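The structure appears below as structure tokens.
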Amino acid sequence: MIIIAEKINGSIPSTGKAIEAKDADYIRNLAKVQSEAGADFIDVCASVEVSRELETLKWLIDLVQEVTDTPLAVDSPSAEVCAKAIDFCKRPGIVNSVSMEGNKIEIVFPKIADTKWDCIALLCDDSGIPRTAEKRLEVFEALMKKAKEYNIAPSRLHIDPLVEMLATSEDGINVIIKVMQEIKKQYPDIHVTGAASNVSFNLPARKIINQAFVVLAMNAGLDSVILDPLNRDLRGLIYATEALLGRDEMCIEFIHAFRAGLFGTQKQ
């Protein structure tokens with residue numbers, strides 16, 4: 001499982017407060033502990049007004065790179081900001097994100113075409129978030145045509161089918177599961193990603209919902225996820241699910257992660 005650490009995001013109240021106060025030590029520590037927890041990428045999102053987003057993002061990126069070599073996920077709703085933020089990074093990471101909205105792909109894909117950067121792609125377009133699996137797969141088909149046009153291999157894409165709130169969903173996560181399964185069927189090398197916490201908004205016991213979602217989604221093809229890597233219970237479930245699905249030969253990764261203290265509190 002590819003873990004994209006979520007905690008350096010200005011939309012999180014504690015992180016937003018640190019960004020406004022220019023608390024560099026707080027940001028450095030968030031980067032350090034997420035990296036030590038085994039994150040594959042560290043998401044960096046300013047979540048400030050547009051006029052100072054790029055400079056704030058650069059400040060965050062510089063702080064993270066002072067304390068860890070873990071690659072970054074440059075995160076902004078603006079494709080222009082994402083494309084410019086790439087230049088601040090010392091090594092390839094992930095652009096978070098593009099979609100079929102407007103000209104976002106035309107801004108980001110040419111920038112990363114001849115690089116080793118990956119890219120998260122959302123299955124929405126100018127009409128919004130499609131309500132059915134069929135419509136989302138139509139957006140996916142259009143997106144893959146663009147990827148081929150810019151010679152971006154499927155293995156560099158992390159497709160986000162857009163995990164929505166379970167509390168307002170008409171049929172649970174059935175649409176998401178169907179989309180994930182079809183994407184993996186068409187392109188076995190592509191990554192399927194999503195923000196695990198989105199599913200549990202406005203529900204009690206959110207951690208339990210998030211954990212159940214990740215297990216179900218992994219069985220449908222989820223192999224990249226945006227989450228809190230410090231959540232040891234969720235990390236343990238991920239390692240266990242990979243072993244149960246036959247993706248961890250002889251349970252070696254599960255055993256190594258447990259011995260490294262990435263999950264669990266005592267031997268069972």
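By order in the structure tokens, chains are A, B, ...; within a chain, residues start at 1; ligands start at 1, following the order shown.
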
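Close contacts of Ala121 of chain A, defined as residues with an atom at most 9 Å away when counting only C-alpha atoms, with chain neighbours fewer than 5 positions off set aside, comprise A:Val95, A:Asn96, A:Ser97, A:Val98, A:Ser99, A:Met100, A:Phe140, A:Leu143, A:Leu157, A:His158, A:Ile159, A:Asp160, A:Pro161.
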
Now that the selection is made, can you save its residues with C-alpha atoms as a PDB file, in the first residue's frame?
ATOM      1  CA  VAL A  95       0.914  16.118  -8.022  1.00  0.00           C
ATOM      2  CA  ASN A  96      -2.346  16.296  -6.067  1.00  0.00           C
ATOM      3  CA  SER A  97      -4.302  16.678  -8.290  1.00  0.00           C
ATOM      4  CA  VAL A  98      -5.765  17.003 -11.783  1.00  0.00           C
ATOM      5  CA  SER A  99      -9.195  16.192 -13.199  1.00  0.00           C
ATOM      6  CA  MET A 100     -11.095  16.656 -16.423  1.00  0.00           C
ATOM      7  CA  PHE A 140     -11.801   7.859 -16.635  1.00  0.00           C
ATOM      8  CA  LEU A 143      -8.568  11.006 -18.772  1.00  0.00           C
ATOM      9  CA  LEU A 157      -1.326   7.672 -12.210  1.00  0.00           C
ATOM     10  CA  HIS A 158      -3.265   7.408  -8.950  1.00  0.00           C
ATOM     11  CA  ILE A 159      -6.947   7.446  -9.865  1.00  0.00           C
ATOM     12  CA  ASP A 160      -9.275   8.857  -7.224  1.00  0.00           C
ATOM     13  CA  PRO A 161     -12.858   7.743  -7.953  1.00  0.00           C
TER      14      PRO A 161
END

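Of the residues listed (A:Asp75, A:Pro204, A:Gln211, A:Ala31), A:Asp75 shows the shortest atom-to-atom separation from Ser11 of chain A; distances use only C-alpha atoms.
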
Which neighbours of segment 189-199 of chain A fall inside 7 Å, counting only C-alpha atoms, when residues of the same chain fewer than 5 positions from it are skipped, and could you give them as a short mmCIF file (atom, residue, chain, number, x, y, z; two decimals) with N, CA and C atoms, in the first residue's frame?
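So out-v2.cif came out as:
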data_model
loop_
_atom_site.label_atom_id
_atom_site.label_comp_id
_atom_site.auth_asym_id
_atom_site.auth_seq_id
_atom_site.Cartn_x
_atom_site.Cartn_y
_atom_site.Cartn_z
N PRO A 154 0.31 4.45 -17.26
CA PRO A 154 -0.70 4.21 -16.22
C PRO A 154 -0.10 4.03 -14.83
N SER A 155 1.09 3.46 -14.75
CA SER A 155 1.72 3.20 -13.46
C SER A 155 2.08 4.48 -12.72
N LEU A 157 -0.06 7.04 -12.56
CA LEU A 157 -1.33 7.67 -12.21
C LEU A 157 -1.96 7.02 -10.99
N HIS A 158 -2.51 7.85 -10.12
CA HIS A 158 -3.26 7.41 -8.95
C HIS A 158 -4.69 7.92 -9.15
N ILE A 159 -5.59 7.03 -9.53
CA ILE A 159 -6.95 7.45 -9.87
C ILE A 159 -7.80 7.50 -8.60
N ASP A 160 -8.39 8.66 -8.36
CA ASP A 160 -9.27 8.86 -7.22
C ASP A 160 -10.71 8.86 -7.73
N LEU A 162 -13.26 9.38 -6.21
CA LEU A 162 -13.98 10.36 -5.40
C LEU A 162 -14.87 9.71 -4.35
N VAL A 163 -14.22 9.44 -3.24
CA VAL A 163 -14.91 8.86 -2.08
C VAL A 163 -15.79 9.93 -1.46
N GLU A 164 -17.08 9.63 -1.35
CA GLU A 164 -18.03 10.61 -0.83
C GLU A 164 -18.52 10.21 0.56
N MET A 165 -19.27 11.10 1.17
CA MET A 165 -19.79 10.87 2.51
C MET A 165 -20.78 9.72 2.53
N LEU A 166 -20.52 8.76 3.38
CA LEU A 166 -21.43 7.64 3.53
C LEU A 166 -22.79 8.10 4.04
N MET A 180 -13.60 1.19 -8.88
CA MET A 180 -12.26 0.69 -8.58
C MET A 180 -11.99 -0.64 -9.28
N LYS A 184 -9.06 -1.26 -12.29
CA LYS A 184 -8.00 -2.25 -12.14
C LYS A 184 -8.08 -3.34 -13.22
N ASN A 210 -13.78 4.57 8.77
CA ASN A 210 -12.61 4.70 7.89
C ASN A 210 -11.89 3.36 7.74
N VAL A 214 -11.42 1.17 4.22
CA VAL A 214 -10.11 0.84 3.64
C VAL A 214 -10.02 -0.65 3.35
N GLY A 221 -9.26 -3.06 -5.09
CA GLY A 221 -8.13 -2.58 -5.87
C GLY A 221 -7.40 -1.38 -5.30
N LEU A 222 -7.88 -0.79 -4.21
CA LEU A 222 -7.19 0.34 -3.60
C LEU A 222 -5.78 -0.06 -3.23
N ASP A 223 -4.79 0.69 -3.73
CA ASP A 223 -3.40 0.38 -3.39
C ASP A 223 -2.60 1.64 -3.09
N SER A 224 -3.31 2.75 -2.91
CA SER A 224 -2.71 4.04 -2.61
C SER A 224 -3.75 4.80 -1.80
N VAL A 225 -3.35 5.39 -0.68
CA VAL A 225 -4.37 6.01 0.16
C VAL A 225 -3.81 7.23 0.89
N ILE A 226 -4.64 8.25 1.01
CA ILE A 226 -4.28 9.46 1.75
C ILE A 226 -4.86 9.31 3.16
N LEU A 227 -3.98 9.25 4.16
CA LEU A 227 -4.45 9.01 5.53
C LEU A 227 -3.43 9.51 6.54
#

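Reported to one decimal place, the separation of atom CA of Leu244 of chain A from atom CA of Gly264 of chain A is 17.3 Å.
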
TODO: Mind the document's chain letters and residue numbers, and return as a VMD selection string the residues of segment 58-139 of chain A that DSSP labels strand (DSSP E or B).
DONE: chain A and resid 72 to 75 94 to 100 118 to 125 128

Could you write out the selected residues, including C-alpha atoms, as a compact mmCIF listing (two decimals), in the first residue's frame?
# COMPACT_ATOMS: atom_id res chain seq x y z
CA LEU A 72 6.18 15.15 -1.43
CA ALA A 73 2.65 15.31 -2.74
CA VAL A 74 2.16 18.93 -3.80
CA ASP A 75 -1.49 19.63 -3.08
CA ILE A 94 3.05 13.29 -6.67
CA VAL A 95 0.91 16.12 -8.02
CA ASN A 96 -2.35 16.30 -6.07
CA SER A 97 -4.30 16.68 -8.29
CA VAL A 98 -5.76 17.00 -11.78
CA SER A 99 -9.19 16.19 -13.20
CA MET A 100 -11.10 16.66 -16.42
CA ASP A 118 3.27 10.68 -10.41
CA CYS A 119 -0.14 12.32 -10.48
CA ILE A 120 -3.43 11.90 -8.65
CA ALA A 121 -6.39 12.24 -11.02
CA LEU A 122 -9.96 12.81 -9.86
CA LEU A 123 -12.88 11.34 -11.79
CA CYS A 124 -14.85 14.55 -12.25
CA ASP A 125 -15.25 17.02 -15.09
CA GLY A 128 -19.21 17.99 -11.47

- [ ] Would you mind listing what lies within 6 Å of Phe41 of chain A as a PyMOL selection string, with only C-alpha atoms counted and same-chain residues fewer than 6 positions away left out?
- [x] chain A and resi 4+70-72

Write out, as a short mmCIF file (atom, residue, chain, number, x, y, z; two decimals), in the first residue's frame, the residues just selected, with N, CA and C atoms.
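See part-v7.cif below for the written result:
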data_model
loop_
_atom_site.label_atom_id
_atom_site.label_comp_id
_atom_site.auth_asym_id
_atom_site.auth_seq_id
_atom_site.Cartn_x
_atom_site.Cartn_y
_atom_site.Cartn_z
N ILE A 4 0.11 8.05 1.56
CA ILE A 4 0.31 9.49 1.37
C ILE A 4 -0.15 10.17 2.65
N THR A 70 11.67 11.96 2.32
CA THR A 70 10.43 11.38 1.81
C THR A 70 9.84 12.27 0.73
N PRO A 71 9.51 11.74 -0.43
CA PRO A 71 8.95 12.57 -1.51
C PRO A 71 7.65 13.25 -1.09
N LEU A 72 7.35 14.34 -1.78
CA LEU A 72 6.18 15.15 -1.43
C LEU A 72 5.03 14.92 -2.40
#

Task: Å distance separating atom CA of Asp43 of chain A from atom CA of Ala5 of chain A, one decimal place - done: 5.6 Å

Can you tell me, as a compact mmCIF listing (two decimals) with C-alpha atoms, in the first residue's frame, what residues are no more than 12 Å from Ala257 of chain A when counting only C-alpha atoms, ignoring any on the same chain fewer than 2 positions away?
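Wrote part21.txt, looks like this:
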# COMPACT_ATOMS: atom_id res chain seq x y z
CA ALA A 37 5.81 6.25 10.64
CA GLY A 38 6.52 4.87 7.17
CA ARG A 232 -1.53 2.64 14.25
CA ARG A 235 -1.89 0.85 9.59
CA GLY A 236 -2.19 -2.57 11.22
CA LEU A 237 -5.41 -3.28 9.34
CA ILE A 238 -3.73 -2.35 6.07
CA TYR A 239 -0.81 -4.74 6.64
CA ALA A 240 -3.20 -7.48 7.75
CA ALA A 243 -1.53 -10.44 3.85
CA ASP A 248 2.36 -10.23 1.21
CA CYS A 251 3.38 -12.34 5.70
CA ILE A 252 6.92 -10.89 5.63
CA GLU A 253 5.82 -7.22 5.39
CA PHE A 254 3.29 -7.72 8.19
CA ILE A 255 5.94 -9.22 10.45
CA ARG A 259 8.63 -5.60 14.67
CA ALA A 260 9.39 -2.03 13.54
CA GLY A 261 6.58 -0.76 15.75
CA LEU A 262 4.49 0.65 12.91
CA PHE A 263 1.36 -0.83 14.49
CA GLY A 264 0.27 -2.81 17.54
